[in-house]
Amino acid sequence: MIWLLIIFLMAVAISPLMWIKASPRQRQIQQCREIARGLSLKVKLQRRPDARESERKLEAVGYWLAWDNSNIPRPWTLHRYSNRGWESPWEGWNWIVDEAPSEWQPQIQNALSLLSADAQAIVVNGSGVGVIWQEKGDESRVHIIKECLTTLKENATNFTVQG
């Protein structure tokens with residue numbers, strides 16, 4: 001009987017430590033974020049891109065590439081969180097805030113073809129260019145996001161320098 005009591009007390013003492021252990025999903029997210037930081041991407045929690053002013057919850061995760069220069073393009077957002085905003089040329093995607101200039105459309109099309117179904121938005125604003133996604137992929141998805149953001153950033157640089 002004493003042994004059962006000792007085993008029970010040890011189980012009670014050890015059980016809180018099991019709550020501290022990261023789940024496989026948490027480890028996968030942590031790994032993606034570490035890779036992103038290694039690729040010079042900022043990872044931040046933020047409001048959904050289609051959020052109204054009164055909605056303040058930080059429920060989206062964005063992977064961002066900051067601008068290098070002061071020639072920042074005008075802000076625009078392409079999202080598929082909801083039906084808010086107006087229709088874009090791409091099925092299931094809506095503009096909100098503003099539309100990207102027409103010169104961006106080939107690069108946006110390319111980015112959308114590369115990004116997986118868990119990508120929820122592409123955002124260009126004063127901070128940089130970002131992709132909001134659900135972090136459901138593995139590390140290869142982070143590399144694809146980096147590629148898309150780099151292409152969009154170069155596109156922005158080309159158009160702000162030229163026009």
# chains A, B, ... in the order shown; residues from 1 in each chain; ligands from 1

$ residues_around --residues "Asn125 of chain A" --least-positions-apart "6" --cutoff "8 Å" --atoms "only C-alpha atoms" --output "compact mmCIF listing (two decimals) with all heavy atoms, in the first residue's frame"
# COMPACT_ATOMS: atom_id res chain seq x y z
N ILE A 72 8.71 53.84 -50.12
CA ILE A 72 7.72 52.84 -49.74
C ILE A 72 6.49 52.99 -50.62
O ILE A 72 5.96 54.09 -50.76
CB ILE A 72 7.36 52.99 -48.25
CG1 ILE A 72 8.62 52.77 -47.41
CG2 ILE A 72 6.26 52.03 -47.85
CD1 ILE A 72 8.46 53.15 -45.96
N PRO A 73 6.03 51.89 -51.22
CA PRO A 73 4.84 51.99 -52.07
C PRO A 73 3.59 52.25 -51.23
O PRO A 73 3.59 52.07 -50.01
CB PRO A 73 4.77 50.61 -52.73
CG PRO A 73 5.51 49.70 -51.84
CD PRO A 73 6.55 50.54 -51.14
N ARG A 74 2.54 52.64 -51.89
CA ARG A 74 1.29 52.86 -51.16
C ARG A 74 0.77 51.53 -50.62
O ARG A 74 0.95 50.49 -51.25
CB ARG A 74 0.27 53.58 -52.02
CG ARG A 74 -0.40 52.73 -53.05
CD ARG A 74 -1.54 53.53 -53.72
NE ARG A 74 -2.40 52.62 -54.40
CZ ARG A 74 -2.47 52.50 -55.72
NH1 ARG A 74 -1.75 53.27 -56.49
NH2 ARG A 74 -3.27 51.62 -56.25
N PRO A 75 0.14 51.54 -49.47
CA PRO A 75 -0.32 50.29 -48.83
C PRO A 75 -1.46 49.62 -49.59
O PRO A 75 -2.31 50.30 -50.16
CB PRO A 75 -0.81 50.74 -47.46
CG PRO A 75 -0.44 52.15 -47.30
CD PRO A 75 -0.10 52.71 -48.63
N TRP A 76 -1.44 48.29 -49.59
CA TRP A 76 -2.54 47.51 -50.13
C TRP A 76 -2.55 46.15 -49.43
O TRP A 76 -1.55 45.72 -48.87
CB TRP A 76 -2.46 47.35 -51.65
CG TRP A 76 -1.19 46.74 -52.18
CD1 TRP A 76 -0.11 47.43 -52.64
CD2 TRP A 76 -0.88 45.35 -52.32
NE1 TRP A 76 0.86 46.55 -53.05
CE2 TRP A 76 0.41 45.27 -52.87
CE3 TRP A 76 -1.55 44.16 -52.04
CZ2 TRP A 76 1.05 44.05 -53.14
CZ3 TRP A 76 -0.93 42.95 -52.31
CH2 TRP A 76 0.35 42.90 -52.86

$ residues_around --residues "segment 61-68 of chain A" --least-positions-apart "2" --cutoff "10 Å" --atoms "only C-alpha atoms" --output "PyMOL selection string"
chain A and resi 33+36-37+39-48+58-59+70-73+119-135+142+145-146+149-150+152-154+156-157

$ select_by_dssp --residues "segment 61-123 of chain A" --states "alpha helix (DSSP H)" --output "MDAnalysis selection string"
chainID A and resid 105:114

$ write_last_selection --atoms "N, CA and C atoms" --output "mmCIF file, in the first residue's frame"
data_model
loop_
_atom_site.group_PDB
_atom_site.id
_atom_site.type_symbol
_atom_site.label_atom_id
_atom_site.label_comp_id
_atom_site.auth_asym_id
_atom_site.auth_seq_id
_atom_site.Cartn_x
_atom_site.Cartn_y
_atom_site.Cartn_z
ATOM 1 N N GLN A 105 0.540 42.953 -60.590
ATOM 2 C CA GLN A 105 -0.277 41.761 -60.772
ATOM 3 C C GLN A 105 0.497 40.505 -61.177
ATOM 4 N N PRO A 106 1.493 40.559 -62.076
ATOM 5 C CA PRO A 106 2.233 39.322 -62.382
ATOM 6 C C PRO A 106 2.953 38.742 -61.158
ATOM 7 N N GLN A 107 3.546 39.608 -60.335
ATOM 8 C CA GLN A 107 4.244 39.122 -59.140
ATOM 9 C C GLN A 107 3.260 38.594 -58.095
ATOM 10 N N ILE A 108 2.106 39.237 -57.988
ATOM 11 C CA ILE A 108 1.082 38.748 -57.059
ATOM 12 C C ILE A 108 0.575 37.386 -57.521
ATOM 13 N N GLN A 109 0.314 37.249 -58.815
ATOM 14 C CA GLN A 109 -0.131 35.967 -59.366
ATOM 15 C C GLN A 109 0.890 34.876 -59.061
ATOM 16 N N ASN A 110 2.161 35.185 -59.266
ATOM 17 C CA ASN A 110 3.227 34.223 -58.991
ATOM 18 C C ASN A 110 3.248 33.857 -57.508
ATOM 19 N N ALA A 111 3.140 34.855 -56.637
ATOM 20 C CA ALA A 111 3.143 34.591 -55.191
ATOM 21 C C ALA A 111 1.968 33.712 -54.798
ATOM 22 N N LEU A 112 0.792 34.006 -55.326
ATOM 23 C CA LEU A 112 -0.389 33.219 -54.982
ATOM 24 C C LEU A 112 -0.266 31.778 -55.476
ATOM 25 N N SER A 113 0.408 31.579 -56.596
ATOM 26 C CA SER A 113 0.577 30.214 -57.106
ATOM 27 C C SER A 113 1.574 29.421 -56.251
ATOM 28 N N LEU A 114 2.511 30.116 -55.623
ATOM 29 C CA LEU A 114 3.509 29.439 -54.790
ATOM 30 C C LEU A 114 3.032 29.203 -53.360
#

$ select_by_dssp --residues "segment 16-161 of chain A" --states "strand (DSSP E or B)" --output "JSON, numbers by chain"
{"A": [42, 43, 44, 45, 46, 60, 61, 62, 63, 64, 65, 66, 76, 77, 78, 79, 86, 87, 94, 95, 96, 98, 119, 120, 121, 122, 123, 124, 125, 128, 129, 130, 131, 132, 133]}

$ write_last_selection --atoms "N, CA and C atoms" --output "CSV table (one decimal), in the first residue's frame"
chain,number,residue,atom,x,y,z
A,42,LYS,N,10.7,39.0,-40.1
A,42,LYS,CA,10.1,39.3,-38.7
A,42,LYS,C,8.8,38.5,-38.6
A,43,VAL,N,8.6,37.9,-37.5
A,43,VAL,CA,7.4,37.2,-37.2
A,43,VAL,C,6.7,37.9,-36.1
A,44,LYS,N,5.4,38.3,-36.4
A,44,LYS,CA,4.7,39.0,-35.3
A,44,LYS,C,3.2,38.7,-35.4
A,45,LEU,N,2.6,38.7,-34.2
A,45,LEU,CA,1.2,38.6,-34.0
A,45,LEU,C,0.6,39.9,-34.4
A,46,GLN,N,-0.6,39.9,-35.0
A,46,GLN,CA,-1.2,41.1,-35.5
A,46,GLN,C,-2.7,40.9,-35.6
A,60,ALA,N,-3.7,36.9,-35.9
A,60,ALA,CA,-3.1,36.5,-37.1
A,60,ALA,C,-1.6,36.5,-36.9
A,61,VAL,N,-0.8,35.7,-37.6
A,61,VAL,CA,0.6,35.7,-37.6
A,61,VAL,C,1.1,36.1,-38.9
A,62,GLY,N,2.0,37.1,-38.9
A,62,GLY,CA,2.6,37.6,-40.2
A,62,GLY,C,4.0,37.4,-40.2
A,63,TYR,N,4.5,37.0,-41.4
A,63,TYR,CA,5.9,36.9,-41.6
A,63,TYR,C,6.3,38.1,-42.6
A,64,TRP,N,7.2,38.9,-42.1
A,64,TRP,CA,7.4,40.2,-42.7
A,64,TRP,C,8.9,40.4,-43.2
A,65,LEU,N,9.0,41.1,-44.3
A,65,LEU,CA,10.3,41.5,-44.8
A,65,LEU,C,10.2,43.0,-44.9
A,66,ALA,N,11.1,43.7,-44.1
A,66,ALA,CA,11.1,45.1,-44.0
A,66,ALA,C,11.7,45.8,-45.3
A,76,TRP,N,-1.4,48.3,-49.6
A,76,TRP,CA,-2.5,47.5,-50.1
A,76,TRP,C,-2.6,46.2,-49.4
A,77,THR,N,-3.7,45.5,-49.5
A,77,THR,CA,-3.9,44.2,-48.8
A,77,THR,C,-4.8,43.3,-49.7
A,78,LEU,N,-4.3,42.1,-49.9
A,78,LEU,CA,-5.1,41.1,-50.6
A,78,LEU,C,-5.3,40.0,-49.6
A,79,HIS,N,-6.6,39.6,-49.3
A,79,HIS,CA,-6.8,38.7,-48.3
A,79,HIS,C,-7.9,37.7,-48.6
A,86,TRP,N,-13.4,44.2,-51.5
A,86,TRP,CA,-13.9,44.1,-52.9
A,86,TRP,C,-13.1,43.1,-53.7
A,87,GLU,N,-13.8,42.6,-54.7
A,87,GLU,CA,-13.3,41.5,-55.5
A,87,GLU,C,-11.9,41.8,-56.2
A,94,ASN,N,-9.8,39.0,-51.9
A,94,ASN,CA,-10.4,40.3,-51.9
A,94,ASN,C,-9.4,41.4,-51.5
A,95,TRP,N,-9.6,42.5,-52.1
A,95,TRP,CA,-8.8,43.7,-51.7
A,95,TRP,C,-9.4,44.3,-50.5
A,96,ILE,N,-8.5,44.9,-49.7
A,96,ILE,CA,-9.0,45.7,-48.6
A,96,ILE,C,-7.9,46.7,-48.4
A,98,ASP,N,-6.6,49.0,-50.0
A,98,ASP,CA,-6.4,49.6,-51.4
A,98,ASP,C,-6.0,48.4,-52.3
A,119,ALA,N,-2.0,30.2,-46.5
A,119,ALA,CA,-1.7,31.6,-46.7
A,119,ALA,C,-3.0,32.4,-46.7
A,120,GLN,N,-3.2,33.4,-45.9
A,120,GLN,CA,-4.4,34.1,-45.7
A,120,GLN,C,-4.4,35.5,-46.3
A,121,ALA,N,-3.2,36.1,-46.4
A,121,ALA,CA,-3.2,37.5,-46.9
A,121,ALA,C,-1.8,37.8,-47.3
A,122,ILE,N,-1.7,38.8,-48.3
A,122,ILE,CA,-0.5,39.5,-48.6
A,122,ILE,C,-0.7,40.9,-48.3
A,123,VAL,N,0.2,41.5,-47.5
A,123,VAL,CA,0.1,42.9,-47.1
A,123,VAL,C,1.3,43.7,-47.4
A,124,VAL,N,1.1,44.9,-48.0
A,124,VAL,CA,2.1,45.8,-48.2
A,124,VAL,C,1.7,47.1,-47.4
A,125,ASN,N,2.6,47.5,-46.5
A,125,ASN,CA,2.4,48.7,-45.8
A,125,ASN,C,3.7,49.4,-45.4
A,128,GLY,N,6.7,47.1,-44.4
A,128,GLY,CA,7.3,46.2,-45.3
A,128,GLY,C,6.2,45.4,-46.1
A,129,VAL,N,6.6,44.2,-46.5
A,129,VAL,CA,5.7,43.3,-47.2
A,129,VAL,C,5.6,42.1,-46.4
A,130,GLY,N,4.4,41.6,-46.2
A,130,GLY,CA,4.2,40.4,-45.4
A,130,GLY,C,3.2,39.4,-45.9
A,131,VAL,N,3.3,38.2,-45.4
A,131,VAL,CA,2.3,37.2,-45.7
A,131,VAL,C,1.8,36.7,-44.3
A,132,ILE,N,0.5,36.7,-44.3
A,132,ILE,CA,-0.2,36.2,-43.1
A,132,ILE,C,-0.6,34.7,-43.4
A,133,TRP,N,-0.2,33.8,-42.5
A,133,TRP,CA,-0.5,32.4,-42.8
A,133,TRP,C,-0.8,31.7,-41.5

$ atom_distance --atom1 "atom CA of Asn69 of chain A" --atom2 "atom CA of Asn158 of chain A"
11.8 Å

$ residues_around --residues "Trp93 of chain A" --least-positions-apart "3" --cutoff "6 Å" --atoms "only C-alpha atoms" --output "PyMOL selection string"
chain A and resi 79-80+88+90

$ write_last_selection --atoms "N, CA, C and O atoms" --output "PDB file, in the first residue's frame"
ATOM      1  N   HIS A  79      -6.563  39.642 -49.306  1.00  0.00           N
ATOM      2  CA  HIS A  79      -6.824  38.659 -48.254  1.00  0.00           C
ATOM      3  C   HIS A  79      -7.934  37.697 -48.649  1.00  0.00           C
ATOM      4  O   HIS A  79      -8.674  37.925 -49.595  1.00  0.00           O
ATOM      5  N   ARG A  80      -8.010  36.608 -47.880  1.00  0.00           N
ATOM      6  CA  ARG A  80      -9.120  35.670 -48.038  1.00  0.00           C
ATOM      7  C   ARG A  80      -9.656  35.210 -46.686  1.00  0.00           C
ATOM      8  O   ARG A  80     -10.089  34.084 -46.516  1.00  0.00           O
ATOM      9  N   SER A  88     -11.079  40.827 -56.245  1.00  0.00           N
ATOM     10  CA  SER A  88      -9.807  40.969 -56.945  1.00  0.00           C
ATOM     11  C   SER A  88      -9.835  40.080 -58.190  1.00  0.00           C
ATOM     12  O   SER A  88     -10.780  39.307 -58.372  1.00  0.00           O
ATOM     13  N   TRP A  90      -8.276  37.459 -58.587  1.00  0.00           N
ATOM     14  CA  TRP A  90      -8.029  36.082 -58.187  1.00  0.00           C
ATOM     15  C   TRP A  90      -9.196  35.560 -57.362  1.00  0.00           C
ATOM     16  O   TRP A  90      -9.583  36.159 -56.356  1.00  0.00           O
TER      17      TRP A  90
END
